[in-house]
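Asker: Sending over start-v7.cif (mmCIF, C-alpha atoms).
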```cif
data_model
loop_
_atom_site.label_atom_id
_atom_site.label_comp_id
_atom_site.auth_asym_id
_atom_site.auth_seq_id
_atom_site.Cartn_x
_atom_site.Cartn_y
_atom_site.Cartn_z
CA MET A 601 0.00 0.00 0.00
CA SER A 602 1.23 3.44 -0.90
CA ILE A 603 2.17 5.70 2.03
CA GLY A 604 2.84 9.40 1.59
CA ILE A 605 1.85 12.99 2.22
CA ILE A 606 -1.84 13.62 2.86
CA ASP A 607 -1.95 17.10 4.38
CA ILE A 608 0.30 19.85 5.74
CA ALA A 609 -0.41 22.57 8.29
CA SER A 610 1.96 25.27 9.45
CA HIS A 611 2.41 27.89 12.09
CA VAL A 612 4.43 31.06 11.61
CA PRO A 613 4.64 33.19 14.76
CA ASP A 614 3.44 36.82 14.68
CA GLY A 615 6.69 38.48 15.87
CA ARG A 616 8.75 40.08 13.08
CA ARG A 617 12.27 41.36 12.55
CA ASN A 618 12.71 43.90 9.78
CA VAL A 619 15.61 42.76 7.62
CA GLU A 620 15.81 46.02 5.69
CA ALA A 621 16.58 47.87 8.91
CA MET A 622 19.11 45.24 9.93
CA ALA A 623 20.82 45.39 6.53
CA GLU A 624 21.12 49.14 6.88
CA SER A 625 22.77 48.75 10.28
CA PHE A 626 25.24 46.25 8.73
CA SER A 627 25.87 48.66 5.82
CA MET A 628 24.67 45.98 3.42
CA PRO A 629 23.69 47.28 -0.04
CA GLU A 630 19.95 47.06 -0.68
CA ASP A 631 20.35 45.16 -3.95
CA PHE A 632 22.42 42.51 -2.16
CA ARG A 633 19.70 42.03 0.45
CA VAL A 634 16.96 41.79 -2.16
CA GLU A 635 18.73 39.82 -4.88
CA LYS A 636 20.98 37.59 -2.81
CA LEU A 637 19.41 37.08 0.63
CA GLY A 638 15.81 37.60 -0.45
CA THR A 639 14.53 38.23 3.07
CA ASP A 640 12.29 41.17 4.03
CA HIS A 641 10.99 40.11 7.43
CA LEU A 642 11.87 37.26 9.76
CA PRO A 643 9.24 35.67 11.99
CA VAL A 644 10.35 35.42 15.61
CA ALA A 645 8.79 33.25 18.28
CA ALA A 646 7.98 34.91 21.60
CA GLU A 647 10.56 34.60 24.36
CA GLU A 648 8.51 32.00 26.26
CA GLU A 649 7.91 29.86 23.15
CA ASP A 650 9.89 26.70 22.43
CA ALA A 651 10.02 23.94 19.81
CA CYS A 652 6.99 22.26 21.38
CA SER A 653 4.68 25.26 21.81
CA LEU A 654 5.65 26.51 18.33
CA ALA A 655 4.47 23.21 16.84
CA VAL A 656 1.20 22.84 18.77
CA PRO A 657 -0.89 25.16 16.53
CA ALA A 658 0.29 23.31 13.41
CA VAL A 659 -0.56 19.87 14.83
CA ASP A 660 -3.87 21.14 16.22
CA ALA A 661 -4.81 22.53 12.79
CA LEU A 662 -4.03 19.18 11.19
CA LEU A 663 -6.12 17.28 13.74
CA LYS A 664 -9.00 19.73 13.45
CA ARG A 665 -9.40 19.41 9.71
CA ASN A 666 -8.96 15.63 9.70
CA PRO A 667 -11.72 14.39 12.08
CA GLY A 668 -11.03 11.11 13.88
CA LEU A 669 -7.34 11.31 13.07
CA GLU A 670 -6.25 11.05 16.73
CA ASP A 671 -7.35 7.40 16.82
CA ARG A 672 -5.33 6.47 13.73
CA ILE A 673 -2.03 8.16 14.55
CA GLY A 674 0.76 5.65 15.22
CA MET A 675 3.75 7.94 14.99
CA LEU A 676 4.84 11.45 15.92
CA VAL A 677 8.28 12.62 14.83
CA VAL A 678 9.73 16.04 15.62
CA VAL A 679 12.60 17.34 13.51
CA THR A 680 14.41 19.99 15.51
CA GLN A 681 17.87 21.13 16.52
CA ASN A 682 16.56 23.31 19.30
CA PRO A 683 14.72 20.76 21.46
CA VAL A 684 12.90 21.86 24.59
CA GLY A 685 15.27 22.09 27.55
CA HIS A 686 18.28 19.86 26.94
CA GLY A 687 16.39 17.38 24.80
CA LEU A 688 15.52 15.15 27.74
CA PRO A 689 12.65 14.42 27.70
CA HIS A 690 12.48 14.57 23.95
CA THR A 691 10.31 17.27 22.39
CA ALA A 692 8.11 14.68 20.63
CA ALA A 693 7.00 13.35 24.03
CA LEU A 694 6.12 16.87 25.20
CA LEU A 695 4.26 17.54 21.96
CA HIS A 696 2.46 14.21 22.32
CA ALA A 697 1.13 15.35 25.70
CA ALA A 698 0.33 18.87 24.51
CA THR A 699 -1.74 17.65 21.56
CA GLY A 700 -3.58 14.91 23.47
CA LEU A 701 -2.65 12.01 21.20
CA GLY A 702 -3.35 8.44 22.37
CA ARG A 703 -0.75 6.07 23.84
CA ASP A 704 -0.30 3.73 20.86
CA VAL A 705 2.08 6.21 19.29
CA ALA A 706 5.82 6.01 18.64
CA ALA A 707 7.14 9.48 19.37
CA PHE A 708 10.75 10.59 18.92
CA ASP A 709 12.94 13.44 17.75
CA LEU A 710 15.22 13.63 14.71
CA SER A 711 18.17 15.93 15.25
CA LEU A 712 18.59 17.42 11.81
CA GLY A 713 18.47 20.89 10.30
CA CYS A 714 17.72 21.94 6.76
CA SER A 715 17.92 18.39 5.36
CA GLY A 716 15.60 17.14 8.10
CA TYR A 717 12.31 17.14 6.23
CA VAL A 718 13.46 14.75 3.50
CA HIS A 719 15.08 12.47 6.09
CA GLY A 720 11.92 12.63 8.19
CA LEU A 721 9.66 11.75 5.26
CA GLU A 722 11.71 8.64 4.50
CA VAL A 723 11.79 7.56 8.16
CA VAL A 724 8.05 8.04 8.69
CA ASN A 725 7.08 6.46 5.35
CA ARG A 726 9.13 3.34 6.02
CA PHE A 727 8.10 3.05 9.67
CA LEU A 728 4.40 3.32 8.87
CA GLU A 729 4.63 0.64 6.19
CA GLY A 730 5.25 -1.86 8.97
CA ARG A 731 2.51 -0.70 11.31
CA PRO A 732 -0.96 -2.25 11.74
CA SER A 733 -3.55 -0.82 9.36
CA ASP A 734 -5.37 1.06 12.15
CA ARG A 735 -2.15 2.88 13.13
CA ARG A 736 -0.75 3.66 9.72
CA HIS A 737 -0.94 7.44 9.98
CA GLY A 738 1.89 9.55 11.30
CA ILE A 739 2.66 13.21 11.88
CA LEU A 740 6.02 14.61 10.85
CA VAL A 741 6.68 17.88 12.66
CA THR A 742 9.38 20.41 11.89
CA SER A 743 9.91 23.06 14.55
CA ASP A 744 13.06 25.05 15.00
CA PRO A 745 13.08 28.38 16.85
CA TYR A 746 16.52 29.41 15.57
CA SER A 747 16.01 32.91 16.95
CA LYS A 748 17.04 31.41 20.28
CA VAL A 749 20.56 30.73 19.01
CA VAL A 750 21.07 33.48 16.42
CA ASP A 751 23.28 36.39 17.47
CA PRO A 752 21.50 39.52 16.18
CA THR A 753 24.88 41.19 15.64
CA ASP A 754 26.19 38.37 13.41
CA ARG A 755 25.88 39.58 9.83
CA ASP A 756 26.21 36.02 8.47
CA THR A 757 23.13 34.64 10.22
CA ALA A 758 21.02 37.47 11.70
CA MET A 759 19.30 38.37 8.42
CA LEU A 760 18.57 34.82 7.32
CA PHE A 761 16.84 32.63 9.87
CA GLY A 762 13.15 32.75 10.73
CA ASP A 763 11.06 30.73 13.20
CA ALA A 764 8.28 28.43 11.99
CA ALA A 765 6.75 25.00 12.51
CA THR A 766 4.94 22.59 10.22
CA ALA A 767 3.02 19.35 10.66
CA THR A 768 2.73 16.87 7.79
CA LEU A 769 0.14 14.12 7.87
CA ILE A 770 1.53 10.94 6.35
CA GLY A 771 -0.42 7.79 5.63
CA PRO A 772 -2.31 5.68 3.09
CA ASP A 773 -4.05 7.18 0.03
CA PRO A 774 -1.62 10.09 -0.18
CA ILE A 775 -1.62 13.13 -2.43
CA PHE A 776 2.14 12.76 -2.90
CA GLU A 777 4.32 9.70 -2.47
CA MET A 778 8.13 9.64 -2.50
CA PRO A 779 9.27 6.81 -4.80
CA THR A 780 12.96 7.67 -4.61
CA ALA A 781 15.19 9.55 -2.20
CA ASP A 782 18.91 9.95 -1.68
CA PHE A 783 20.84 11.05 1.39
CA MET A 784 24.40 12.07 2.14
CA THR A 785 26.51 13.32 5.03
CA ASP A 786 30.01 14.75 5.25
CA GLY A 787 30.73 14.87 8.96
CA THR A 788 34.25 16.18 8.31
CA LYS A 789 32.58 19.52 7.59
CA SER A 790 30.33 19.51 10.64
CA ASP A 791 31.92 22.69 11.98
CA ALA A 792 30.42 24.67 9.09
CA ILE A 793 27.14 25.16 10.95
CA ALA A 794 27.38 24.78 14.69
CA VAL A 795 26.14 26.13 17.99
CA ASP A 796 28.84 26.94 20.52
CA ASP A 797 27.99 28.37 23.93
CA GLY A 798 24.42 28.81 22.77
CA VAL A 799 25.29 30.88 19.70
CA LEU A 800 24.96 29.79 16.07
CA SER A 801 27.89 30.22 13.71
CA MET A 802 27.92 29.47 9.99
CA LYS A 803 30.79 29.19 7.52
CA GLY A 804 28.85 30.18 4.45
CA ARG A 805 31.46 29.29 1.86
CA LYS A 806 31.87 25.77 3.25
CA VAL A 807 28.13 25.20 3.15
CA PHE A 808 27.82 26.68 -0.34
CA ASN A 809 30.64 24.52 -1.71
CA PHE A 810 29.17 21.39 -0.13
CA VAL A 811 25.79 22.06 -1.72
CA MET A 812 26.99 23.02 -5.18
CA SER A 813 29.59 20.25 -5.37
CA ASN A 814 27.31 17.43 -4.22
CA VAL A 815 23.59 18.13 -4.50
CA PRO A 816 23.42 18.42 -8.33
CA ALA A 817 24.81 14.88 -8.71
CA GLN A 818 22.51 13.70 -5.96
CA ILE A 819 19.53 15.19 -7.80
CA GLU A 820 20.56 13.49 -11.02
CA ARG A 821 20.86 10.17 -9.16
CA THR A 822 17.48 10.53 -7.47
CA LEU A 823 15.72 11.49 -10.68
CA GLY A 824 17.47 8.70 -12.58
CA GLU A 825 16.28 6.09 -10.09
CA ALA A 826 12.73 7.31 -10.68
CA GLY A 827 13.21 7.21 -14.45
CA LEU A 828 12.86 10.97 -14.65
CA ALA A 829 14.93 13.92 -15.83
CA VAL A 830 15.10 17.59 -14.83
CA ALA A 831 12.87 18.52 -17.78
CA ASP A 832 10.14 16.19 -16.49
CA MET A 833 9.70 18.00 -13.20
CA ASP A 834 6.93 20.51 -12.55
CA ARG A 835 8.53 22.08 -9.51
CA PHE A 836 11.88 22.23 -7.75
CA LEU A 837 11.30 22.81 -4.06
CA PHE A 838 14.71 23.59 -2.64
CA HIS A 839 15.46 24.41 0.95
CA GLN A 840 15.12 28.19 1.15
CA GLY A 841 18.58 28.92 2.54
CA SER A 842 18.77 32.21 0.67
CA ARG A 843 17.58 33.44 -2.72
CA TYR A 844 21.09 33.04 -4.07
CA ILE A 845 21.58 29.42 -3.02
CA VAL A 846 18.17 28.41 -4.46
CA GLU A 847 18.76 30.12 -7.80
CA THR A 848 22.38 28.99 -8.10
CA LEU A 849 21.39 25.38 -7.46
CA ALA A 850 18.60 25.66 -10.03
CA ASN A 851 21.04 27.05 -12.59
CA ARG A 852 23.55 24.29 -11.85
CA ILE A 853 21.08 21.53 -12.66
CA GLY A 854 19.51 23.39 -15.57
CA ALA A 855 16.15 23.83 -13.84
CA ASP A 856 13.73 26.47 -15.06
CA LEU A 857 13.71 29.30 -12.51
CA ALA A 858 9.99 29.75 -13.16
CA ARG A 859 9.53 26.24 -11.73
CA THR A 860 11.77 26.93 -8.75
CA PRO A 861 9.84 28.98 -6.22
CA VAL A 862 11.67 31.35 -3.87
CA ARG A 863 9.39 32.16 -0.94
CA ILE A 864 11.78 33.47 1.62
CA GLY A 865 10.72 37.13 1.84
CA GLU A 866 8.34 36.87 4.78
CA THR A 867 9.66 33.72 6.45
CA GLY A 868 13.42 33.69 6.01
CA ASN A 869 15.30 30.41 6.22
CA THR A 870 13.05 28.31 8.44
CA VAL A 871 15.47 25.36 8.50
CA SER A 872 13.58 22.02 8.27
CA SER A 873 10.26 23.86 7.80
CA SER A 874 11.17 25.52 4.50
CA ILE A 875 10.30 22.56 2.23
CA PRO A 876 6.96 21.71 3.89
CA LEU A 877 6.03 25.41 3.75
CA LEU A 878 6.55 25.25 -0.02
CA LEU A 879 4.76 21.92 -0.26
CA GLU A 880 1.76 23.33 1.54
CA HIS A 881 1.14 25.46 -1.57
CA GLU A 882 1.50 22.44 -3.85
CA LEU A 883 -1.27 20.59 -2.02
CA VAL A 884 -3.62 23.47 -2.81
CA ASP A 885 -2.29 24.22 -6.30
CA GLU A 886 -2.86 20.99 -8.18
CA SER A 887 -0.86 21.96 -11.26
CA GLY A 888 2.28 20.14 -10.15
CA SER A 889 2.34 16.35 -10.24
CA ARG A 890 6.09 15.73 -10.21
CA LEU A 891 8.09 17.61 -7.61
CA LEU A 892 11.70 17.47 -6.61
CA ILE A 893 12.55 18.32 -3.01
CA ALA A 894 16.09 18.98 -1.77
CA GLY A 895 17.24 19.96 1.71
CA PHE A 896 20.84 20.66 2.72
CA GLY A 897 22.71 22.07 5.66
CA VAL A 898 23.78 21.05 9.16
CA GLY A 899 25.99 17.96 9.22
CA LEU A 900 26.85 18.79 6.60
CA SER A 901 24.07 16.72 5.13
CA SER A 902 21.59 16.66 2.31
CA GLY A 903 18.47 14.81 1.31
CA VAL A 904 16.82 14.75 -2.10
CA GLY A 905 13.47 13.20 -2.93
CA VAL A 906 11.10 12.83 -5.86
CA LEU A 907 7.43 13.38 -5.04
CA THR A 908 4.75 12.18 -7.43
CA ARG A 909 0.98 12.06 -7.35
CA PRO A 910 -0.13 8.38 -7.30
CA GLN A 911 -1.66 7.22 -10.59
CA MET B 939 47.32 16.69 -16.57
CA SER B 940 46.72 20.08 -14.98
CA VAL B 941 44.42 22.62 -16.59
CA ARG B 942 46.23 25.85 -17.40
CA PHE B 943 44.28 28.99 -16.56
CA ASP B 944 44.34 32.14 -18.63
CA SER B 945 42.41 35.40 -18.59
CA ASP B 946 39.79 34.23 -21.11
CA ALA B 947 39.00 31.09 -19.13
CA VAL B 948 38.45 33.09 -15.95
CA ARG B 949 36.33 35.64 -17.81
CA GLU B 950 34.12 32.82 -19.09
CA ILE B 951 33.67 31.54 -15.56
CA ILE B 952 32.77 35.05 -14.34
CA ILE B 953 30.14 35.45 -17.05
CA ALA B 954 28.65 32.04 -16.22
CA ALA B 955 28.49 32.97 -12.54
CA LYS B 956 27.09 36.45 -13.13
CA PRO B 957 25.24 36.62 -16.44
CA GLY B 958 25.10 40.13 -17.85
CA PHE B 959 28.25 41.28 -16.09
CA GLN B 960 30.32 43.45 -18.46
CA VAL B 961 33.50 41.46 -18.05
CA GLY B 962 34.97 43.04 -21.18
CA GLU B 963 35.07 46.39 -19.46
CA ILE B 964 37.48 45.35 -16.73
CA ALA B 965 41.21 44.81 -16.92
CA ASP B 966 42.96 41.72 -15.61
CA GLY B 967 44.35 43.70 -12.68
CA ASP B 968 41.08 45.39 -11.65
CA ASP B 969 39.60 44.51 -8.28
CA LEU B 970 36.56 42.35 -9.01
CA ARG B 971 34.62 43.48 -5.96
CA GLU B 972 35.07 47.12 -6.86
CA ALA B 973 33.83 46.23 -10.34
CA GLY B 974 30.55 44.84 -8.94
CA ILE B 975 31.26 41.20 -8.10
CA ASP B 976 29.91 40.62 -4.58
CA SER B 977 30.99 38.04 -2.02
CA LEU B 978 28.43 35.44 -3.15
CA ASP B 979 29.35 35.84 -6.81
CA MET B 980 32.96 35.31 -5.74
CA MET B 981 32.02 32.08 -3.98
CA THR B 982 30.61 30.73 -7.22
CA ILE B 983 33.55 31.95 -9.31
CA ILE B 984 36.11 30.42 -6.97
CA LEU B 985 34.16 27.17 -6.74
CA ASP B 986 33.93 26.93 -10.52
CA CYS B 987 37.67 27.60 -10.83
CA SER B 988 38.37 25.03 -8.10
CA GLU B 989 36.34 22.39 -9.91
CA LYS B 990 38.07 23.17 -13.20
CA ALA B 991 41.49 22.95 -11.55
CA ASP B 992 40.52 20.10 -9.22
CA PHE B 993 42.05 22.09 -6.40
CA GLU B 994 40.22 23.19 -3.24
CA VAL B 995 41.02 26.75 -2.18
CA PRO B 996 41.57 27.15 1.57
CA ASP B 997 39.82 30.10 3.26
CA GLU B 998 43.10 31.84 4.04
CA ASP B 999 43.91 32.10 0.33
CA ILE B 1000 40.69 33.81 -0.72
CA ASP B 1001 42.17 37.29 -0.39
CA HIS B 1002 44.71 36.42 -3.13
CA LEU B 1003 41.86 36.01 -5.58
CA ALA B 1004 40.67 39.60 -5.93
CA THR B 1005 41.53 40.08 -9.61
CA ILE B 1006 41.43 38.03 -12.80
CA LYS B 1007 45.23 38.05 -12.86
CA GLY B 1008 45.32 36.95 -9.23
CA ILE B 1009 43.03 34.02 -9.99
CA VAL B 1010 45.02 32.94 -13.06
CA ASP B 1011 48.36 33.12 -11.25
CA TYR B 1012 47.04 31.41 -8.13
CA PHE B 1013 45.58 28.35 -9.84
CA ASN B 1014 48.48 27.94 -12.25
CA GLU B 1015 50.89 28.05 -9.33
CA LYS B 1016 48.90 25.68 -7.14
CA THR B 1017 48.33 23.12 -9.86
CA GLY B 1018 51.76 23.44 -11.45
CA ALA B 1019 50.16 24.17 -14.81
#
```
Go ahead and render the structure in this file as structure tokens.

Answerer:
Amino acid sequence: MSIGIIDIASHVPDGRRNVEAMAESFSMPEDFRVEKLGTDHLPVAAEEEDACSLAVPAVDALLKRNPGLEDRIGMLVVVTQNPVGHGLPHTAALLHAATGLGRDVAAFDLSLGCSGYVHGLEVVNRFLEGRPSDRRHGILVTSDPYSKVVDPTDRDTAMLFGDAATATLIGPDPIFEMPTADFMTDGTKSDAIAVDDGVLSMKGRKVFNFVMSNVPAQIERTLGEAGLAVADMDRFLFHQGSRYIVETLANRIGADLARTPVRIGETGNTVSSSIPLLLEHELVDESGSRLLIAGFGVGLSSGVGVLTRPQ
Amino acid sequence: MSVRFDSDAVREIIIAAKPGFQVGEIADGDDLREAGIDSLDMMTIILDCSEKADFEVPDEDIDHLATIKGIVDYFNEKTGA
């Protein structure tokens, strides 16, 4: 039986940082901000919010519009790198309690960043395939309040990251299934994105080189396994690291920029939430039936997947 | 066998990285950043040169790569071309 994406809900907090004002304080040229970063405002979670509370509205929305879902959920996975407290107990357990799910649920965290959604999809898909038919639905949550670790005076990160959470319902009779996926990690470059003493640092060039040197071949591999080519794809949903990284990756693989959405202006780089935020649109807009998703970042790691509407 | 860099090869890489850039209007010794190549464009240019030369540029060497001449000399020296 085919398992895949059925529904997606999201929550973007109301707080905002004005990137234009920040860029001015960093003496960054306006055209660089607009054409290269692509961010206008960054959503910021309230001080008292955490990875669990940020995700609750997204999960609640999913449960509300899918009546009776609580009784069919067999899995709750939270992708985050900013777990509540010190990660013990795990955020998925806290979210399980906060959303009132039943006890026949496997709940755990995945510690991944911008590649986390693709990894999470594969993990949940495969796990659910082995579950009893009455527990073959799962919720994949992405929730990463990066504002808690971003130094607002760090020019390399302060104008990029935004807070958001998403909840993806996965199960039988999906709208999109993921026939092929490919994953890679280069732990020798793990210092490229790291938190030290509670503050995020990023070596942009190292991340950029990793992505551009590896992900195009990974995309070719993933498409090839599905018997598809770049020209066959309706949409390229790349992790929204910055406008420049999305457009450069698209150019590298020969993807049509008109099929490669950049929606970073009002959300910024929302880490593992950026792909499901894009996918949310695709569930409403039915024009795309073959999508390529690619996430890359912390690890350094990357995940690429082909999503297709079942025939 | 090492790939030998010259000014034309680097100019082609610049144009590929920044379509529309008037590369013909700058001299080999002009500072690329002053001519309108920003830090992200430079990342792409250096990566493309690195892949062509099969040589990874360490961070501490980036400052040597401010001009077309600097890029040509650097890669030819590092790869023995």

Asker: Name the residues captured by the PyMOL selection byres ((chain B) within 8 of (chain A)) when it is applied to the shown file; answer as a PyMOL selection string.

Answerer: chain B and resi 978+981+985

Asker: Would you mind reading off the distance between atom CA of B:Glu963 and atom CA of B:Asp946, one decimal, in Å?

Answerer: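 That distance, rounded to one decimal, is 13.1 Å.
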
Asker: Which is closest to A:His696 among A:Val718, A:Val749, A:Val723, A:Cys652, if we use all atoms listed in the file?

Answerer: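 Of A:Val718, A:Val749, A:Val723, A:Cys652, the one nearest A:His696 is A:Cys652, counting all atoms listed in the file.
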
Asker: Assuming the chain letters and numbering stay as they are in my file, what does the PyMOL selection byres ((chain A and resi 693) around 10) actually select? List them as a list in words.

Answerer: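 This file, filtered by the PyMOL selection byres ((chain A and resi 693) around 10), leaves Cys652, Leu676, Val677, Val678, Leu688, Pro689, His690, Thr691, Ala692, Leu694, Leu695, His696, Ala697, Ala698, Val705, Ala706, Ala707, Phe708 and Asp709 of chain A.
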
Asker: Can you measure atom CA of A:Glu880 to atom CA of A:Gly713 for me? One decimal in Å is fine.

Answerer: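 Taking atom CA of A:Glu880 as the start and atom CA of A:Gly713 as the end point, the length is 19.0 Å.
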
Asker: Tell me which residues come within 12 Å of (36.5, 24.6, -12.6), as an mmCIF file with C-alpha atoms, in the frame of the given file, counting only C-alpha atoms in the file's coordinates.

Answerer:
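Once written, result.cif looks like this:
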```cif
data_model
loop_
_atom_site.group_PDB
_atom_site.id
_atom_site.type_symbol
_atom_site.label_atom_id
_atom_site.label_comp_id
_atom_site.auth_asym_id
_atom_site.auth_seq_id
_atom_site.Cartn_x
_atom_site.Cartn_y
_atom_site.Cartn_z
ATOM 1 C CA SER A 813 29.590 20.250 -5.370
ATOM 2 C CA SER B 940 46.720 20.080 -14.980
ATOM 3 C CA VAL B 941 44.420 22.620 -16.590
ATOM 4 C CA ARG B 942 46.230 25.850 -17.400
ATOM 5 C CA PHE B 943 44.280 28.990 -16.560
ATOM 6 C CA ALA B 947 39.000 31.090 -19.130
ATOM 7 C CA VAL B 948 38.450 33.090 -15.950
ATOM 8 C CA GLU B 950 34.120 32.820 -19.090
ATOM 9 C CA ILE B 951 33.670 31.540 -15.560
ATOM 10 C CA ILE B 952 32.770 35.050 -14.340
ATOM 11 C CA ALA B 954 28.650 32.040 -16.220
ATOM 12 C CA ALA B 955 28.490 32.970 -12.540
ATOM 13 C CA THR B 982 30.610 30.730 -7.220
ATOM 14 C CA ILE B 983 33.550 31.950 -9.310
ATOM 15 C CA ILE B 984 36.110 30.420 -6.970
ATOM 16 C CA LEU B 985 34.160 27.170 -6.740
ATOM 17 C CA ASP B 986 33.930 26.930 -10.520
ATOM 18 C CA CYS B 987 37.670 27.600 -10.830
ATOM 19 C CA SER B 988 38.370 25.030 -8.100
ATOM 20 C CA GLU B 989 36.340 22.390 -9.910
ATOM 21 C CA LYS B 990 38.070 23.170 -13.200
ATOM 22 C CA ALA B 991 41.490 22.950 -11.550
ATOM 23 C CA ASP B 992 40.520 20.100 -9.220
ATOM 24 C CA PHE B 993 42.050 22.090 -6.400
ATOM 25 C CA GLU B 994 40.220 23.190 -3.240
ATOM 26 C CA VAL B 995 41.020 26.750 -2.180
ATOM 27 C CA ILE B 1009 43.030 34.020 -9.990
ATOM 28 C CA VAL B 1010 45.020 32.940 -13.060
ATOM 29 C CA PHE B 1013 45.580 28.350 -9.840
#
```

Asker: For the provided coordinates, the residues matched by the PyMOL selection byres ((chain A and resi 873) around 7) should be stated as a short mmCIF file (atom, residue, chain, number, x, y, z; two decimals) with C-alpha atoms, in the coordinates of the input.

Answerer:
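In the end it all went to result.cif:
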```cif
data_model
loop_
_atom_site.label_atom_id
_atom_site.label_comp_id
_atom_site.auth_asym_id
_atom_site.auth_seq_id
_atom_site.Cartn_x
_atom_site.Cartn_y
_atom_site.Cartn_z
CA THR A 742 9.38 20.41 11.89
CA SER A 743 9.91 23.06 14.55
CA ALA A 764 8.28 28.43 11.99
CA ALA A 765 6.75 25.00 12.51
CA THR A 766 4.94 22.59 10.22
CA THR A 870 13.05 28.31 8.44
CA VAL A 871 15.47 25.36 8.50
CA SER A 872 13.58 22.02 8.27
CA SER A 874 11.17 25.52 4.50
CA ILE A 875 10.30 22.56 2.23
CA PRO A 876 6.96 21.71 3.89
CA LEU A 877 6.03 25.41 3.75
#
```
